[in-house]
Amino acid sequence: MRPRDALLKLLYERGAEKLASLKCNMNLRFKRDPFQETAVHMLVKGSKVNLRKGLKSRRWFRTEFGSRTMWYMLRGGEEVSDATHESEGELTREHLLPLLDELPYVAVYLGFLGIHTPKELRKLKLQLWETLNAVRYFLWDSHVVFVDAPKDFQWKPNDYVKVMRLEDLCVFDEVVLLDPNAEESLTSHDVLNADVFLFGGIVDKEIPRPGLTSKIPCDCCRRRRIELWGSTVGVPLMIHKLVFAVLMARYELRGDIQKAIIKVMGSRERRWRLAWEAITAYKEGKDPLEAVLRKAEALGASRAEVVRALKMSGIEGGKLAERLQAEHSGEDRH
């Protein structure tokens, strides 16, 4: 059971359908799912839910659980919540823990830490913190594992994050190593059933290190590459984006990793993918503009992103972008 569902179950069993908070900040995780953020706060920070105290508030976020509609309330309204998330209360992290699933683990391999430059190490440290943040949208800190970290490793955020050796992961049935050079693609079965998702903790901003993930010595791993429509072009490279996509696919999209990748792609990644689509269509003797427009719609790319991608492709000296703008102007006149 995920943290949000464990909290909802506890509230449901005690007849509390409306929860308000004195603890959580209005961050992006809270806006996306306040029940998940509250449960994580309880687990990590030790806050509690007071079932005897209500706050004057207004209904804001709703979710269905069991046969009831559960509401998260924001302070400032005239209605009184059934319970309050604060420093003291009857529901604690000890009530949540027995309900939570141990797996999956989101593991980051740090055996190559020593080959990074100081600048790359700073980038990697930031990505590890962002990975923890990504995990907290769906699970919590106990699901994060740093693998084969050096003995002097000091980036561990708290005691809930685990540090393991690579061989420790092999006790689990399905360990999936996300490797862009793997022969097989990540499937929905992998997404929905993996016990461990292992990511390469590699940053190559200053020194290119192609194929390094493939050198992670994991005999028990199933190596998989994440693709979008048959290619890795445009798939985010940063660990935390991939973690978010994999967990979103598992818990919200029924294993559809391609839909998840599209949702986490940034503007730069969309432009690179569209430029690649244009070049591929051109080489195959197809209309590159038509190919790009078709994929742009699927990616949710803006007109500006399409124009920049066409210029990036270098096809016909930028005339594709001019053609797009001319056709768009003609549509506007009609």
# chains A, B, ... in the order shown; residues from 1 in each chain; ligands from 1
$ residues_around --residues "Ala83 (chain A)" --least-positions-apart "4" --cutoff "9 Å" --atoms "only C-alpha atoms" --output "VMD selection string"
chain A and resid 11 16 to 21 49 to 55
$ write_last_selection --atoms "C-alpha atoms" --output "PDB file, in the first residue's frame"
ATOM      1  CA  LEU A  11      -9.086   7.981   8.220  1.00  0.00           C
ATOM      2  CA  ALA A  16     -12.976  10.986   9.282  1.00  0.00           C
ATOM      3  CA  GLU A  17     -13.820  12.175   5.751  1.00  0.00           C
ATOM      4  CA  LYS A  18     -12.423  15.718   5.919  1.00  0.00           C
ATOM      5  CA  LEU A  19      -8.781  16.444   6.779  1.00  0.00           C
ATOM      6  CA  ALA A  20      -7.029  19.804   7.172  1.00  0.00           C
ATOM      7  CA  SER A  21      -3.386  20.556   7.947  1.00  0.00           C
ATOM      8  CA  VAL A  49      -3.313  13.437  12.807  1.00  0.00           C
ATOM      9  CA  ASN A  50      -5.546  14.715  15.610  1.00  0.00           C
ATOM     10  CA  LEU A  51      -8.961  13.085  15.313  1.00  0.00           C
ATOM     11  CA  ARG A  52     -10.391  15.222  18.107  1.00  0.00           C
ATOM     12  CA  LYS A  53      -9.633  18.584  16.555  1.00  0.00           C
ATOM     13  CA  GLY A  54     -11.228  20.272  13.567  1.00  0.00           C
ATOM     14  CA  LEU A  55     -10.268  23.437  11.706  1.00  0.00           C
TER      15      LEU A  55
END
$ residues_around --residues "Arg224 (chain A)" --least-positions-apart "4" --cutoff "12 Å" --atoms "only C-alpha atoms" --output "list in words"
Glu174, Val175, Val176, Leu177, Leu178, Asp179, Pro180, Asn181, Ala182, Glu183, Glu184, Ser185, Leu186, Thr187, Ser188, His189, Asp190, Val191, Ala194, Phe197, Leu198, Phe199, Thr213, Ser214 and Thr232 of chain A
$ select_by_dssp --residues "region 72-244 of chain A" --states "strand (DSSP E or B)" --output "PyMOL selection string"
chain A and resi 72-75+79-80+83-86+91+105-109+144-147+162-164+175-178+184-185+196-200+221-225+228+231
$ residues_around --residues "region 258-274 of chain A" --least-positions-apart "3" --cutoff "10 Å" --atoms "only C-alpha atoms" --output "JSON, numbers by chain"
{"A": [186, 187, 188, 226, 227, 228, 229, 230, 231, 232, 233, 234, 235, 236, 237, 241, 242, 244, 245, 246, 247, 248, 249, 250, 252, 253, 255, 277, 278, 279, 280, 288, 289, 291, 292, 293, 294, 295, 296, 298, 299, 300, 301, 302, 304, 305, 306, 307, 308, 309, 310, 311, 312, 313]}
$ write_last_selection --atoms "N, CA and C atoms" --output "compact mmCIF listing (two decimals), in the first residue's frame"
# COMPACT_ATOMS: atom_id res chain seq x y z
N LEU A 186 11.94 -1.47 -22.21
CA LEU A 186 11.13 -1.56 -20.98
C LEU A 186 9.68 -1.79 -21.36
N THR A 187 9.06 -2.79 -20.78
CA THR A 187 7.68 -3.12 -21.09
C THR A 187 6.76 -2.74 -19.93
N SER A 188 5.47 -2.76 -20.19
CA SER A 188 4.51 -2.47 -19.13
C SER A 188 4.60 -3.53 -18.03
N ILE A 226 14.54 2.65 -22.06
CA ILE A 226 13.26 3.36 -22.14
C ILE A 226 13.19 4.03 -23.50
N GLU A 227 12.16 3.72 -24.25
CA GLU A 227 11.99 4.26 -25.60
C GLU A 227 10.71 5.08 -25.71
N LEU A 228 10.70 5.94 -26.68
CA LEU A 228 9.49 6.65 -27.08
C LEU A 228 9.29 6.41 -28.56
N TRP A 229 8.25 5.67 -28.91
CA TRP A 229 7.97 5.33 -30.31
C TRP A 229 9.17 4.72 -31.01
N GLY A 230 9.84 3.80 -30.32
CA GLY A 230 10.92 3.04 -30.93
C GLY A 230 12.29 3.68 -30.91
N SER A 231 12.45 4.81 -30.24
CA SER A 231 13.75 5.48 -30.19
C SER A 231 13.96 6.08 -28.81
N THR A 232 15.23 6.19 -28.41
CA THR A 232 15.57 6.83 -27.14
C THR A 232 15.75 8.34 -27.29
N VAL A 233 15.68 8.86 -28.52
CA VAL A 233 15.84 10.29 -28.76
C VAL A 233 14.71 11.06 -28.09
N GLY A 234 15.06 12.04 -27.27
CA GLY A 234 14.06 12.83 -26.57
C GLY A 234 13.69 12.30 -25.19
N VAL A 235 14.06 11.05 -24.91
CA VAL A 235 13.81 10.50 -23.57
C VAL A 235 14.73 11.24 -22.60
N PRO A 236 14.20 11.79 -21.51
CA PRO A 236 15.03 12.55 -20.58
C PRO A 236 16.22 11.75 -20.09
N LEU A 237 17.33 12.44 -19.87
CA LEU A 237 18.55 11.80 -19.39
C LEU A 237 18.71 11.91 -17.88
N LYS A 241 13.90 12.67 -13.56
CA LYS A 241 12.80 12.67 -14.53
C LYS A 241 12.40 11.24 -14.89
N LEU A 242 13.40 10.39 -15.06
CA LEU A 242 13.12 8.99 -15.39
C LEU A 242 12.42 8.29 -14.22
N PHE A 244 10.51 9.71 -11.97
CA PHE A 244 9.13 10.19 -11.93
C PHE A 244 8.29 9.50 -13.00
N ALA A 245 8.85 9.35 -14.21
CA ALA A 245 8.11 8.72 -15.30
C ALA A 245 7.78 7.26 -14.99
N VAL A 246 8.76 6.52 -14.48
CA VAL A 246 8.55 5.11 -14.19
C VAL A 246 7.50 4.92 -13.10
N LEU A 247 7.57 5.73 -12.04
CA LEU A 247 6.60 5.60 -10.96
C LEU A 247 5.21 6.08 -11.38
N MET A 248 5.15 7.12 -12.20
CA MET A 248 3.86 7.56 -12.72
C MET A 248 3.23 6.46 -13.57
N ALA A 249 4.05 5.83 -14.42
CA ALA A 249 3.53 4.75 -15.25
C ALA A 249 3.02 3.60 -14.39
N ARG A 250 3.72 3.31 -13.31
CA ARG A 250 3.34 2.18 -12.46
C ARG A 250 2.06 2.46 -11.67
N GLU A 252 -0.13 5.29 -11.92
CA GLU A 252 -1.22 6.10 -12.45
C GLU A 252 -1.61 5.77 -13.89
N LEU A 253 -0.71 5.14 -14.65
CA LEU A 253 -0.95 4.97 -16.08
C LEU A 253 -0.94 3.51 -16.51
N GLY A 255 1.07 1.11 -16.40
CA GLY A 255 2.28 0.62 -17.03
C GLY A 255 2.67 1.29 -18.32
N GLU A 277 12.73 13.62 -35.76
CA GLU A 277 11.63 13.14 -36.60
C GLU A 277 11.72 13.75 -38.00
N ALA A 278 12.06 15.04 -38.07
CA ALA A 278 12.18 15.71 -39.37
C ALA A 278 13.31 15.09 -40.19
N ILE A 279 14.46 14.88 -39.57
CA ILE A 279 15.61 14.30 -40.27
C ILE A 279 15.30 12.89 -40.75
N THR A 280 14.66 12.09 -39.88
CA THR A 280 14.32 10.71 -40.24
C THR A 280 13.35 10.67 -41.42
N PRO A 288 8.95 15.94 -44.26
CA PRO A 288 9.39 16.13 -42.88
C PRO A 288 8.46 17.04 -42.08
N LEU A 289 7.85 18.03 -42.75
CA LEU A 289 6.96 18.93 -42.04
C LEU A 289 5.72 18.19 -41.56
N ALA A 291 5.50 15.01 -40.91
CA ALA A 291 5.91 14.10 -39.84
C ALA A 291 6.06 14.83 -38.52
N VAL A 292 6.67 16.02 -38.58
CA VAL A 292 6.89 16.80 -37.36
C VAL A 292 5.58 17.27 -36.77
N LEU A 293 4.67 17.74 -37.60
CA LEU A 293 3.39 18.24 -37.09
C LEU A 293 2.58 17.12 -36.44
N ARG A 294 2.67 15.93 -37.02
CA ARG A 294 1.94 14.79 -36.45
C ARG A 294 2.49 14.44 -35.07
N LYS A 295 3.81 14.40 -34.93
CA LYS A 295 4.41 14.08 -33.64
C LYS A 295 4.27 15.24 -32.65
N ALA A 296 4.29 16.47 -33.16
CA ALA A 296 4.15 17.63 -32.27
C ALA A 296 2.81 17.61 -31.56
N ALA A 298 1.10 14.92 -30.80
CA ALA A 298 1.16 13.85 -29.79
C ALA A 298 1.98 14.27 -28.58
N LEU A 299 3.00 15.10 -28.80
CA LEU A 299 3.85 15.55 -27.70
C LEU A 299 3.30 16.77 -26.98
N GLY A 300 2.30 17.41 -27.56
CA GLY A 300 1.78 18.64 -26.97
C GLY A 300 2.75 19.79 -27.13
N ALA A 301 3.54 19.78 -28.21
CA ALA A 301 4.53 20.83 -28.45
C ALA A 301 3.87 22.10 -28.94
N SER A 302 4.43 23.24 -28.57
CA SER A 302 3.91 24.53 -28.99
C SER A 302 4.39 24.85 -30.41
N ALA A 304 6.00 27.46 -31.30
CA ALA A 304 7.38 27.96 -31.19
C ALA A 304 8.38 26.80 -31.11
N GLU A 305 8.02 25.75 -30.38
CA GLU A 305 8.90 24.59 -30.28
C GLU A 305 9.05 23.90 -31.62
N VAL A 306 7.96 23.82 -32.37
CA VAL A 306 8.02 23.20 -33.69
C VAL A 306 8.94 24.00 -34.62
N VAL A 307 8.80 25.31 -34.62
CA VAL A 307 9.64 26.16 -35.48
C VAL A 307 11.11 25.99 -35.12
N ARG A 308 11.43 25.99 -33.84
CA ARG A 308 12.82 25.84 -33.42
C ARG A 308 13.36 24.46 -33.78
N ALA A 309 12.51 23.44 -33.66
CA ALA A 309 12.94 22.08 -34.01
C ALA A 309 13.23 21.97 -35.50
N LEU A 310 12.42 22.60 -36.32
CA LEU A 310 12.64 22.56 -37.76
C LEU A 310 13.94 23.26 -38.13
N LYS A 311 14.23 24.35 -37.47
CA LYS A 311 15.50 25.04 -37.71
C LYS A 311 16.68 24.19 -37.23
N MET A 312 16.51 23.53 -36.10
CA MET A 312 17.57 22.66 -35.57
C MET A 312 17.89 21.51 -36.52
N SER A 313 16.88 21.04 -37.23
CA SER A 313 17.08 19.89 -38.13
C SER A 313 18.04 20.22 -39.26
$ residues_around --residues "region 143-153 of chain A" --least-positions-apart "2" --cutoff "8 Å" --atoms "only C-alpha atoms" --output "PDB file with N, CA, C and O atoms, in the first residue's frame"
ATOM      1  N   GLU A 102       6.904  -2.605   1.079  1.00  0.00           N
ATOM      2  CA  GLU A 102       8.351  -2.369   1.112  1.00  0.00           C
ATOM      3  C   GLU A 102       8.871  -2.024  -0.278  1.00  0.00           C
ATOM      4  O   GLU A 102       9.736  -1.168  -0.445  1.00  0.00           O
ATOM      5  N   LEU A 103       8.351  -2.691  -1.290  1.00  0.00           N
ATOM      6  CA  LEU A 103       8.818  -2.542  -2.660  1.00  0.00           C
ATOM      7  C   LEU A 103       7.816  -1.749  -3.492  1.00  0.00           C
ATOM      8  O   LEU A 103       6.645  -1.657  -3.129  1.00  0.00           O
ATOM      9  N   PRO A 104       8.258  -1.174  -4.603  1.00  0.00           N
ATOM     10  CA  PRO A 104       9.573  -1.333  -5.235  1.00  0.00           C
ATOM     11  C   PRO A 104      10.623  -0.410  -4.639  1.00  0.00           C
ATOM     12  O   PRO A 104      10.294   0.626  -4.069  1.00  0.00           O
ATOM     13  N   TYR A 105      11.877  -0.790  -4.826  1.00  0.00           N
ATOM     14  CA  TYR A 105      12.982   0.098  -4.505  1.00  0.00           C
ATOM     15  C   TYR A 105      13.355   0.898  -5.750  1.00  0.00           C
ATOM     16  O   TYR A 105      13.338   0.383  -6.871  1.00  0.00           O
ATOM     17  N   VAL A 106      13.691   2.150  -5.529  1.00  0.00           N
ATOM     18  CA  VAL A 106      14.270   2.997  -6.578  1.00  0.00           C
ATOM     19  C   VAL A 106      15.739   3.149  -6.215  1.00  0.00           C
ATOM     20  O   VAL A 106      16.082   3.858  -5.272  1.00  0.00           O
ATOM     21  N   ALA A 107      16.590   2.440  -6.931  1.00  0.00           N
ATOM     22  CA  ALA A 107      18.008   2.357  -6.587  1.00  0.00           C
ATOM     23  C   ALA A 107      18.854   3.153  -7.576  1.00  0.00           C
ATOM     24  O   ALA A 107      18.592   3.134  -8.776  1.00  0.00           O
ATOM     25  N   VAL A 108      19.865   3.831  -7.054  1.00  0.00           N
ATOM     26  CA  VAL A 108      20.797   4.588  -7.886  1.00  0.00           C
ATOM     27  C   VAL A 108      22.200   4.041  -7.648  1.00  0.00           C
ATOM     28  O   VAL A 108      22.678   4.009  -6.507  1.00  0.00           O
ATOM     29  N   TYR A 109      22.836   3.609  -8.723  1.00  0.00           N
ATOM     30  CA  TYR A 109      24.181   3.036  -8.630  1.00  0.00           C
ATOM     31  C   TYR A 109      25.212   4.152  -8.530  1.00  0.00           C
ATOM     32  O   TYR A 109      25.282   5.035  -9.385  1.00  0.00           O
ATOM     33  N   LEU A 110      26.033   4.104  -7.470  1.00  0.00           N
ATOM     34  CA  LEU A 110      27.034   5.141  -7.226  1.00  0.00           C
ATOM     35  C   LEU A 110      28.458   4.600  -7.255  1.00  0.00           C
ATOM     36  O   LEU A 110      29.373   5.220  -6.734  1.00  0.00           O
ATOM     37  N   GLY A 111      28.638   3.467  -7.897  1.00  0.00           N
ATOM     38  CA  GLY A 111      29.963   2.873  -7.987  1.00  0.00           C
ATOM     39  C   GLY A 111      30.928   3.633  -8.871  1.00  0.00           C
ATOM     40  O   GLY A 111      32.145   3.419  -8.804  1.00  0.00           O
ATOM     41  N   LEU A 113      31.124   6.969  -8.790  1.00  0.00           N
ATOM     42  CA  LEU A 113      31.183   8.313  -8.224  1.00  0.00           C
ATOM     43  C   LEU A 113      32.578   8.930  -8.367  1.00  0.00           C
ATOM     44  O   LEU A 113      32.720  10.120  -8.666  1.00  0.00           O
ATOM     45  N   LEU A 132      14.883  11.818  -4.759  1.00  0.00           N
ATOM     46  CA  LEU A 132      14.112  11.629  -3.531  1.00  0.00           C
ATOM     47  C   LEU A 132      12.800  12.396  -3.608  1.00  0.00           C
ATOM     48  O   LEU A 132      11.735  11.884  -3.225  1.00  0.00           O
ATOM     49  N   VAL A 135      10.401  10.504  -5.833  1.00  0.00           N
ATOM     50  CA  VAL A 135       9.856   9.320  -5.169  1.00  0.00           C
ATOM     51  C   VAL A 135       8.738   9.708  -4.208  1.00  0.00           C
ATOM     52  O   VAL A 135       7.721   9.008  -4.090  1.00  0.00           O
ATOM     53  N   LEU A 139       5.735   7.368  -3.364  1.00  0.00           N
ATOM     54  CA  LEU A 139       6.104   6.477  -2.269  1.00  0.00           C
ATOM     55  C   LEU A 139       6.715   7.317  -1.149  1.00  0.00           C
ATOM     56  O   LEU A 139       6.205   8.377  -0.847  1.00  0.00           O
ATOM     57  N   TRP A 140       7.789   6.849  -0.528  1.00  0.00           N
ATOM     58  CA  TRP A 140       8.471   7.691   0.447  1.00  0.00           C
ATOM     59  C   TRP A 140       9.938   7.267   0.559  1.00  0.00           C
ATOM     60  O   TRP A 140      10.381   6.360  -0.149  1.00  0.00           O
ATOM     61  N   ASP A 141      10.670   7.902   1.432  1.00  0.00           N
ATOM     62  CA  ASP A 141      12.128   7.809   1.483  1.00  0.00           C
ATOM     63  C   ASP A 141      12.640   6.375   1.625  1.00  0.00           C
ATOM     64  O   ASP A 141      13.723   6.039   1.132  1.00  0.00           O
ATOM     65  N   TRP A 155      26.173  11.926   1.403  1.00  0.00           N
ATOM     66  CA  TRP A 155      25.006  12.604   0.834  1.00  0.00           C
ATOM     67  C   TRP A 155      23.681  11.993   1.271  1.00  0.00           C
ATOM     68  O   TRP A 155      22.642  12.350   0.761  1.00  0.00           O
ATOM     69  N   LYS A 156      23.715  11.048   2.179  1.00  0.00           N
ATOM     70  CA  LYS A 156      22.487  10.368   2.589  1.00  0.00           C
ATOM     71  C   LYS A 156      21.561  11.356   3.293  1.00  0.00           C
ATOM     72  O   LYS A 156      21.911  11.914   4.335  1.00  0.00           O
ATOM     73  N   VAL A 161      16.484   6.509   3.989  1.00  0.00           N
ATOM     74  CA  VAL A 161      17.104   6.143   2.717  1.00  0.00           C
ATOM     75  C   VAL A 161      18.138   5.057   2.978  1.00  0.00           C
ATOM     76  O   VAL A 161      18.939   5.154   3.901  1.00  0.00           O
ATOM     77  N   LYS A 162      18.114   4.017   2.156  1.00  0.00           N
ATOM     78  CA  LYS A 162      18.974   2.857   2.373  1.00  0.00           C
ATOM     79  C   LYS A 162      20.268   2.958   1.573  1.00  0.00           C
ATOM     80  O   LYS A 162      20.306   3.569   0.509  1.00  0.00           O
ATOM     81  N   VAL A 163      21.313   2.326   2.098  1.00  0.00           N
ATOM     82  CA  VAL A 163      22.573   2.162   1.381  1.00  0.00           C
ATOM     83  C   VAL A 163      22.845   0.666   1.311  1.00  0.00           C
ATOM     84  O   VAL A 163      22.890  -0.017   2.332  1.00  0.00           O
ATOM     85  N   MET A 164      22.991   0.138   0.084  1.00  0.00           N
ATOM     86  CA  MET A 164      23.189  -1.299  -0.109  1.00  0.00           C
ATOM     87  C   MET A 164      24.336  -1.566  -1.072  1.00  0.00           C
ATOM     88  O   MET A 164      24.774  -0.676  -1.794  1.00  0.00           O
ATOM     89  N   ARG A 165      24.772  -2.813  -1.094  1.00  0.00           N
ATOM     90  CA  ARG A 165      25.699  -3.274  -2.120  1.00  0.00           C
ATOM     91  C   ARG A 165      24.896  -3.828  -3.285  1.00  0.00           C
ATOM     92  O   ARG A 165      23.735  -4.234  -3.128  1.00  0.00           O
ATOM     93  N   LEU A 166      25.514  -3.859  -4.442  1.00  0.00           N
ATOM     94  CA  LEU A 166      24.818  -4.340  -5.630  1.00  0.00           C
ATOM     95  C   LEU A 166      24.327  -5.766  -5.454  1.00  0.00           C
ATOM     96  O   LEU A 166      23.206  -6.110  -5.848  1.00  0.00           O
TER      97      LEU A 166
END
$ atom_distance --atom1 "CA of Phe65 (chain A)" --atom2 "CA of Arg14 (chain A)"
13.1 Å
$ atom_distance --atom1 "CA of Arg58 (chain A)" --atom2 "CA of Gly76 (chain A)"
6.4 Å
$ residues_around --residues "Arg2 (chain A)" --least-positions-apart "3" --cutoff "7 Å" --atoms "only C-alpha atoms" --output "PyMOL selection string"
chain A and resi 5-6+100-101+139
$ write_last_selection --atoms "C-alpha atoms" --output "compact mmCIF listing (two decimals), in the first residue's frame"
# COMPACT_ATOMS: atom_id res chain seq x y z
CA ASP A 5 -3.71 4.94 0.62
CA ALA A 6 -2.55 3.94 4.09
CA LEU A 100 3.04 0.14 3.64
CA ASP A 101 4.59 -1.94 0.87
CA LEU A 139 6.10 6.48 -2.27
$ residues_around --residues "Ser87 (chain A)" --least-positions-apart "6" --cutoff "12 Å" --atoms "only C-alpha atoms" --output "list in words"
Ser21, Leu22, Lys23, Cys24, His41, Met42, Lys45, Gly46, Ser47, Lys48, Val49, Asn50, Lys53 and Arg93 of chain A
$ write_last_selection --atoms "N, CA, C and O atoms" --output "PDB file, in the first residue's frame"
ATOM      1  N   SER A  21      -4.758  20.635   7.450  1.00  0.00           N
ATOM      2  CA  SER A  21      -3.386  20.556   7.947  1.00  0.00           C
ATOM      3  C   SER A  21      -2.886  21.880   8.503  1.00  0.00           C
ATOM      4  O   SER A  21      -3.179  22.950   7.967  1.00  0.00           O
ATOM      5  N   LEU A  22      -2.114  21.762   9.569  1.00  0.00           N
ATOM      6  CA  LEU A  22      -1.363  22.899  10.114  1.00  0.00           C
ATOM      7  C   LEU A  22       0.128  22.746   9.831  1.00  0.00           C
ATOM      8  O   LEU A  22       0.935  23.572  10.268  1.00  0.00           O
ATOM      9  N   LYS A  23       0.505  21.708   9.099  1.00  0.00           N
ATOM     10  CA  LYS A  23       1.910  21.381   8.912  1.00  0.00           C
ATOM     11  C   LYS A  23       2.402  21.499   7.473  1.00  0.00           C
ATOM     12  O   LYS A  23       3.496  21.995   7.233  1.00  0.00           O
ATOM     13  N   CYS A  24       1.649  21.013   6.527  1.00  0.00           N
ATOM     14  CA  CYS A  24       2.142  20.932   5.153  1.00  0.00           C
ATOM     15  C   CYS A  24       2.201  22.296   4.477  1.00  0.00           C
ATOM     16  O   CYS A  24       1.297  23.128   4.632  1.00  0.00           O
ATOM     17  N   HIS A  41       4.933  13.420   5.219  1.00  0.00           N
ATOM     18  CA  HIS A  41       5.319  14.297   6.322  1.00  0.00           C
ATOM     19  C   HIS A  41       5.253  13.552   7.645  1.00  0.00           C
ATOM     20  O   HIS A  41       6.152  13.673   8.498  1.00  0.00           O
ATOM     21  N   MET A  42       4.212  12.763   7.831  1.00  0.00           N
ATOM     22  CA  MET A  42       4.074  11.977   9.050  1.00  0.00           C
ATOM     23  C   MET A  42       5.209  10.960   9.176  1.00  0.00           C
ATOM     24  O   MET A  42       5.785  10.771  10.257  1.00  0.00           O
ATOM     25  N   LYS A  45       8.799  13.356   9.097  1.00  0.00           N
ATOM     26  CA  LYS A  45       8.914  14.417  10.106  1.00  0.00           C
ATOM     27  C   LYS A  45       8.288  14.050  11.450  1.00  0.00           C
ATOM     28  O   LYS A  45       8.489  14.761  12.443  1.00  0.00           O
ATOM     29  N   GLY A  46       7.506  12.977  11.479  1.00  0.00           N
ATOM     30  CA  GLY A  46       6.908  12.563  12.741  1.00  0.00           C
ATOM     31  C   GLY A  46       5.663  13.324  13.150  1.00  0.00           C
ATOM     32  O   GLY A  46       5.251  13.280  14.316  1.00  0.00           O
ATOM     33  N   SER A  47       5.035  14.042  12.220  1.00  0.00           N
ATOM     34  CA  SER A  47       3.782  14.738  12.533  1.00  0.00           C
ATOM     35  C   SER A  47       2.660  13.721  12.701  1.00  0.00           C
ATOM     36  O   SER A  47       2.824  12.533  12.395  1.00  0.00           O
ATOM     37  N   LYS A  48       1.499  14.175  13.156  1.00  0.00           N
ATOM     38  CA  LYS A  48       0.401  13.259  13.506  1.00  0.00           C
ATOM     39  C   LYS A  48      -0.932  13.824  13.025  1.00  0.00           C
ATOM     40  O   LYS A  48      -1.022  14.962  12.585  1.00  0.00           O
ATOM     41  N   VAL A  49      -1.959  13.000  13.133  1.00  0.00           N
ATOM     42  CA  VAL A  49      -3.313  13.437  12.807  1.00  0.00           C
ATOM     43  C   VAL A  49      -4.146  13.405  14.078  1.00  0.00           C
ATOM     44  O   VAL A  49      -4.270  12.359  14.731  1.00  0.00           O
ATOM     45  N   ASN A  50      -4.705  14.567  14.423  1.00  0.00           N
ATOM     46  CA  ASN A  50      -5.546  14.715  15.610  1.00  0.00           C
ATOM     47  C   ASN A  50      -6.998  14.513  15.212  1.00  0.00           C
ATOM     48  O   ASN A  50      -7.574  15.323  14.488  1.00  0.00           O
ATOM     49  N   LYS A  53      -9.712  17.152  16.819  1.00  0.00           N
ATOM     50  CA  LYS A  53      -9.633  18.584  16.555  1.00  0.00           C
ATOM     51  C   LYS A  53      -9.979  18.875  15.103  1.00  0.00           C
ATOM     52  O   LYS A  53      -9.466  18.239  14.194  1.00  0.00           O
ATOM     53  N   ARG A  93       3.056   7.825  12.642  1.00  0.00           N
ATOM     54  CA  ARG A  93       3.773   7.040  11.642  1.00  0.00           C
ATOM     55  C   ARG A  93       3.743   5.550  11.986  1.00  0.00           C
ATOM     56  O   ARG A  93       3.776   4.701  11.089  1.00  0.00           O
TER      57      ARG A  93
END
$ residues_around --residues "region 30-38 of chain A" --least-positions-apart "2" --cutoff "8 Å" --atoms "only C-alpha atoms" --output "NGL selection string"
:A and (3-5 or 7-8 or 24-28 or 40-42 or 61 or 72 or 85 or 136-138)
$ select_by_dssp --residues "region 214-330 of chain A" --states "alpha helix (DSSP H)" --output "PyMOL selection string"
chain A and resi 239-251+257-264+267-283+288-299+303-313+319-330
$ write_last_selection --atoms "C-alpha atoms" --output "short mmCIF file (atom, residue, chain, number, x, y, z; two decimals), in the first residue's frame"
data_model
loop_
_atom_site.label_atom_id
_atom_site.label_comp_id
_atom_site.auth_asym_id
_atom_site.auth_seq_id
_atom_site.Cartn_x
_atom_site.Cartn_y
_atom_site.Cartn_z
CA ILE A 239 17.69 10.47 -13.22
CA HIS A 240 14.88 12.19 -11.36
CA LYS A 241 12.80 12.67 -14.53
CA LEU A 242 13.12 8.99 -15.39
CA VAL A 243 12.23 8.00 -11.81
CA PHE A 244 9.13 10.19 -11.93
CA ALA A 245 8.11 8.72 -15.30
CA VAL A 246 8.55 5.11 -14.19
CA LEU A 247 6.60 5.60 -10.96
CA MET A 248 3.86 7.56 -12.72
CA ALA A 249 3.53 4.75 -15.25
CA ARG A 250 3.34 2.18 -12.46
CA TYR A 251 0.86 3.91 -10.18
CA ILE A 257 5.79 4.25 -19.90
CA GLN A 258 5.54 6.08 -23.22
CA LYS A 259 2.65 8.22 -22.01
CA ALA A 260 4.62 8.93 -18.83
CA ILE A 261 7.72 9.96 -20.80
CA ILE A 262 5.66 12.43 -22.84
CA LYS A 263 4.31 13.94 -19.62
CA VAL A 264 7.79 14.52 -18.13
CA SER A 267 10.83 21.81 -24.05
CA ARG A 268 14.43 20.95 -24.97
CA GLU A 269 13.64 17.24 -25.14
CA ARG A 270 10.56 17.85 -27.29
CA ARG A 271 12.59 19.99 -29.70
CA TRP A 272 15.34 17.39 -30.06
CA ARG A 273 12.77 14.68 -30.72
CA LEU A 274 10.95 16.74 -33.33
CA ALA A 275 14.21 17.65 -35.08
CA TRP A 276 15.09 13.95 -35.19
CA GLU A 277 11.63 13.14 -36.60
CA ALA A 278 12.18 15.71 -39.37
CA ILE A 279 15.61 14.30 -40.27
CA THR A 280 14.32 10.71 -40.24
CA ALA A 281 11.35 11.55 -42.48
CA TYR A 282 13.61 13.45 -44.89
CA LYS A 283 15.99 10.50 -45.19
CA PRO A 288 9.39 16.13 -42.88
CA LEU A 289 6.96 18.93 -42.04
CA GLU A 290 4.00 16.57 -42.02
CA ALA A 291 5.91 14.10 -39.84
CA VAL A 292 6.89 16.80 -37.36
CA LEU A 293 3.39 18.24 -37.09
CA ARG A 294 1.94 14.79 -36.45
CA LYS A 295 4.41 14.08 -33.64
CA ALA A 296 4.15 17.63 -32.27
CA GLU A 297 0.46 17.11 -31.64
CA ALA A 298 1.16 13.85 -29.79
CA LEU A 299 3.85 15.55 -27.70
CA ARG A 303 4.17 26.27 -32.36
CA ALA A 304 7.38 27.96 -31.19
CA GLU A 305 8.90 24.59 -30.28
CA VAL A 306 8.02 23.20 -33.69
CA VAL A 307 9.64 26.16 -35.48
CA ARG A 308 12.82 25.84 -33.42
CA ALA A 309 12.94 22.08 -34.01
CA LEU A 310 12.64 22.56 -37.76
CA LYS A 311 15.50 25.04 -37.71
CA MET A 312 17.57 22.66 -35.57
CA SER A 313 17.08 19.89 -38.13
CA LYS A 319 13.03 26.61 -45.27
CA LEU A 320 10.82 24.12 -43.44
CA ALA A 321 10.24 26.65 -40.68
CA GLU A 322 9.42 29.32 -43.28
CA ARG A 323 6.98 26.93 -44.95
CA LEU A 324 5.29 26.22 -41.64
CA GLN A 325 4.91 29.91 -40.88
CA ALA A 326 3.58 30.59 -44.39
CA GLU A 327 1.01 27.80 -44.15
CA HIS A 328 -0.01 28.96 -40.69
CA SER A 329 -0.50 32.51 -41.99
CA GLY A 330 -2.68 31.17 -44.79
#
